[in-house]
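Note sheet for the following structure.
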Amino acid sequence: MASLQPEADSRPVLETRDLTINFGGHVAVNQVSCAFHAGTLTSIVGPNGAGKTTWFNLISGQLAATAGSVRLFDEDITRLGAAARAGKGLGRAFQLTNLFPDLTALENVRLAVAARYHIGHVFWQMASRRRDITDRAAAFLEQVNLGKRADALVANLPHGDQRKLEVALMLALEPEVFMFDEPTAGMSVDEVPVILDLIADIKNKQNKVILLVEHKMDVVRSLSDRIVVLHNGELVADGEPAEVIASPIVQEAYLGAEVEEI
Ligand SMILES: Nc1ncnc2c1ncn2[C@@H]1O[C@H](COP(=O)(O)OP(=O)(O)OP(=O)(O)O)[C@@H](O)[C@H]1O
């Protein structure tokens, strides 16, 4: 299968080269090389245990690679920790672990806006700065449809709203790479479209790299420019969605005739 080749003059934003991690003899991600270009949404699919989340963790810096490298704008960031990578433009929604439950939704986003612009405590004291930050934070909350919950304590928000808030925090950091790991997991049916519309909106309006780990094939089909398939830690297919879904390796290994989840 032809993989999606970069255009002649466009360099990748993000790249993994022979990226590998070995957990006590089990190679969870095995020499995965892949490049991602601005303006594309790539879904990463594969059966349970294929290595998708582990690859994400290696990219965002939650895990340190055994071998290989991660490059952002051609800079080797393999040895940087997660916070440093975030500062360089890698944005990831962390399944609620980076929310402050005792603060309001708005306060959470304000902290992210302040972090994005390296605004320390002293500047928070300036009323005009505070208003700027608050206005920006409120706009991000509106974007994820949480405007009406701005003053709610995060601990009291329903799960779906907390997931949306995570996306607002990622938006506030204005990353170059958006990483979504099963963004609709645990959401009610009526909440799912809000997140999917938001991802589509980022894709359509911002020239960023978007990576999506997702099991729901209808979601993958509707959003992706490209699909990468992992199996046993290896990259086994990479290309246009229709081509990848129709490929014998994916049909045989994961999809059967017409399975909605892989
Ligand atoms: N910290 C760890 N220590 C040991 N083994 C691990 C660790 N993290 C992941 N693994 C193993 O690595 C393999 C890949 O796991 P990973 O969670 O990346 O798969 P996945 O494709 O994301 O699966 P799922 O779709 O179920 O989320 C699995 O065999 C898993 O048990």
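Just so we're on the same page: first chain in the structure tokens is A, next is B, and so on; residues restart at 1 for each chain, and ligands are numbered from 1 in the order they show up.
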All residues having an atom within 12 Å of ligand 1 (only C-alpha atoms and all ligand atoms) as a PDB file with C-alpha atoms, in the first residue's frame:
```
ATOM      1  CA  THR A  20      10.738   1.537  20.485  1.00  0.00           C
ATOM      2  CA  ILE A  21       9.908   0.674  24.076  1.00  0.00           C
ATOM      3  CA  ASN A  22      10.609  -2.557  25.781  1.00  0.00           C
ATOM      4  CA  PHE A  23       8.820  -3.420  29.033  1.00  0.00           C
ATOM      5  CA  GLY A  24      10.958  -6.159  30.578  1.00  0.00           C
ATOM      6  CA  GLY A  25      11.230  -8.122  27.352  1.00  0.00           C
ATOM      7  CA  HIS A  26       7.834  -7.171  25.913  1.00  0.00           C
ATOM      8  CA  VAL A  27       8.289  -4.792  22.993  1.00  0.00           C
ATOM      9  CA  ALA A  28       5.114  -2.697  23.196  1.00  0.00           C
ATOM     10  CA  VAL A  29       6.171  -0.271  20.430  1.00  0.00           C
ATOM     11  CA  ASN A  30       8.592  -1.699  17.934  1.00  0.00           C
ATOM     12  CA  ILE A  44      -4.220   5.502  14.982  1.00  0.00           C
ATOM     13  CA  VAL A  45      -6.101   2.244  15.142  1.00  0.00           C
ATOM     14  CA  GLY A  46      -5.437  -1.354  16.016  1.00  0.00           C
ATOM     15  CA  PRO A  47      -6.704  -4.020  18.398  1.00  0.00           C
ATOM     16  CA  ASN A  48      -6.466  -3.793  22.185  1.00  0.00           C
ATOM     17  CA  GLY A  49      -2.860  -3.970  23.319  1.00  0.00           C
ATOM     18  CA  ALA A  50      -1.501  -2.989  19.885  1.00  0.00           C
ATOM     19  CA  GLY A  51       0.595  -0.195  21.400  1.00  0.00           C
ATOM     20  CA  LYS A  52      -1.442   2.879  20.468  1.00  0.00           C
ATOM     21  CA  THR A  53      -1.503   4.537  23.888  1.00  0.00           C
ATOM     22  CA  THR A  54       2.086   3.550  24.531  1.00  0.00           C
ATOM     23  CA  TRP A  55       3.121   5.232  21.273  1.00  0.00           C
ATOM     24  CA  PHE A  56       1.181   8.332  22.380  1.00  0.00           C
ATOM     25  CA  ASN A  57       2.971   8.230  25.738  1.00  0.00           C
ATOM     26  CA  LEU A  58       6.327   8.029  23.977  1.00  0.00           C
ATOM     27  CA  ILE A  59       5.428  11.009  21.791  1.00  0.00           C
ATOM     28  CA  GLN A  62       4.971  10.216  29.597  1.00  0.00           C
ATOM     29  CA  LEU A  63       7.257   7.305  28.774  1.00  0.00           C
ATOM     30  CA  ALA A  64      10.935   7.303  27.858  1.00  0.00           C
ATOM     31  CA  ALA A  65      11.870   5.389  24.722  1.00  0.00           C
ATOM     32  CA  ASP A 181      -6.792   9.445  23.064  1.00  0.00           C
ATOM     33  CA  GLU A 182     -10.335   8.100  22.795  1.00  0.00           C
ATOM     34  CA  ALA A 185     -14.834   7.423  25.852  1.00  0.00           C
ATOM     35  CA  LEU A 212      -6.553  10.555  17.250  1.00  0.00           C
ATOM     36  CA  VAL A 213      -6.588   7.156  18.933  1.00  0.00           C
ATOM     37  CA  GLU A 214     -10.095   5.869  18.435  1.00  0.00           C
ATOM     38  CA  HIS A 215     -11.855   2.521  18.358  1.00  0.00           C
ATOM     39  CA  LYS A 216     -15.101   3.704  16.788  1.00  0.00           C
ATOM     40  CA  VAL A 228      -2.127   4.331  10.696  1.00  0.00           C
ATOM     41  CA  VAL A 229      -2.588   0.774  11.917  1.00  0.00           C
ATOM     42  CA  LEU A 230      -0.580  -0.701  14.760  1.00  0.00           C
ATOM     43  CA  HIS A 231      -0.466  -4.399  15.541  1.00  0.00           C
ATOM     44  CA  ASN A 232       1.748  -6.013  18.178  1.00  0.00           C
ATOM     45  CA  GLY A 233       3.612  -2.738  18.521  1.00  0.00           C
ATOM     46  CA  GLU A 234       4.430  -2.518  14.816  1.00  0.00           C
ATOM     47  CA  LEU A 235       3.129  -0.155  12.171  1.00  0.00           C
ATOM     48  CA  GLU A 261     -15.018  -1.317  16.098  1.00  0.00           C
ATOM     49  CA  ILE A 262     -11.421  -2.411  15.843  1.00  0.00           C
TER      50      ILE A 262
END
```
Problem set entry | Val109 of chain A surroundings by only C-alpha atoms, 10 Å radius, close-in-sequence under 2 positions cut, as a VMD selection string | chain A and resid 99 to 100 103 to 107 111 to 115 133 to 134 136 to 141 150 165 to 173
Exercise. With distances taken over only C-alpha atoms, which of A:Thr16, A:Gln31, A:Gln162, A:Asn156 is nearest to Leu72 of chain A?
Worked result: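 Ranking A:Thr16, A:Gln31, A:Gln162, A:Asn156 by distance to Leu72 of chain A, first place goes to A:Thr16.
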Problem set entry | Per-residue DSSP, segment 103-209 of chain A, filtered to strand (DSSP E), as a ChimeraX atom specification | /A:177-181,209
Exercise. DSSP says helix (DSSP H, G or I) for which residues of segment 42-261 of chain A? Put them as a PyMOL selection string?
Worked result: chain A and resi 52-60+82-87+105-116+121-124+127-143+147-149+154-156+159-172+192-205+217-223+241-246+248-255
For this session: With a distance cut-off of 12 Å and only C-alpha atoms, select the neighbouring residues of Pro193 of chain A, excluding the residue or stretch itself and same-chain residues fewer than 6 positions from it, and output the selection as a list in words.
Result: Val144, Asn145, Gly160, Lys164, Pro183, Thr184, Met187, Ile199, Ala200, Asp201, Val219, Ser222 and Leu223 of chain A
For this session: Excluding Ser69 of chain A and any residue of its chain fewer than 3 positions from it, enumerate the residues within 7 Å of it, using only C-alpha atoms, and give them as a list in words.
Result: Thr16, Arg17, Asp18, Leu19, Asp76 and Thr78 of chain A
Expected file: the selected residues, C-alpha atoms, as a PDB file, in the first residue's frame:
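Dumped to again-v7.pdb:
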```pdb
ATOM      1  CA  THR A  16       8.911   9.262  15.227  1.00  0.00           C
ATOM      2  CA  ARG A  17      11.943   7.374  14.000  1.00  0.00           C
ATOM      3  CA  ASP A  18      12.331   3.706  14.879  1.00  0.00           C
ATOM      4  CA  LEU A  19      10.605   4.515  18.147  1.00  0.00           C
ATOM      5  CA  ASP A  76      15.157  15.847  18.637  1.00  0.00           C
ATOM      6  CA  THR A  78      13.379  12.351  22.768  1.00  0.00           C
TER       7      THR A  78
END
```
For this session: Go through A:Val32, A:Val177, A:Leu211, A:Leu41 one by one, measure the shortest atom-to-atom distance of each to Gly89 of chain A using only C-alpha atoms, and give the residue with the smallest value.
Result: A:Val177
For this session: Find the distance between atom CA of Leu153 of chain A and atom CA of Asp102 of chain A and write it in Å to one decimal.
Result: 6.1 Å
Exercise. How many Å lie between atom CA of Asp161 of chain A and atom CA of Ile195 of chain A, rounded to one decimal?
Worked result: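 Interatomic distance here is 10.2 Å.
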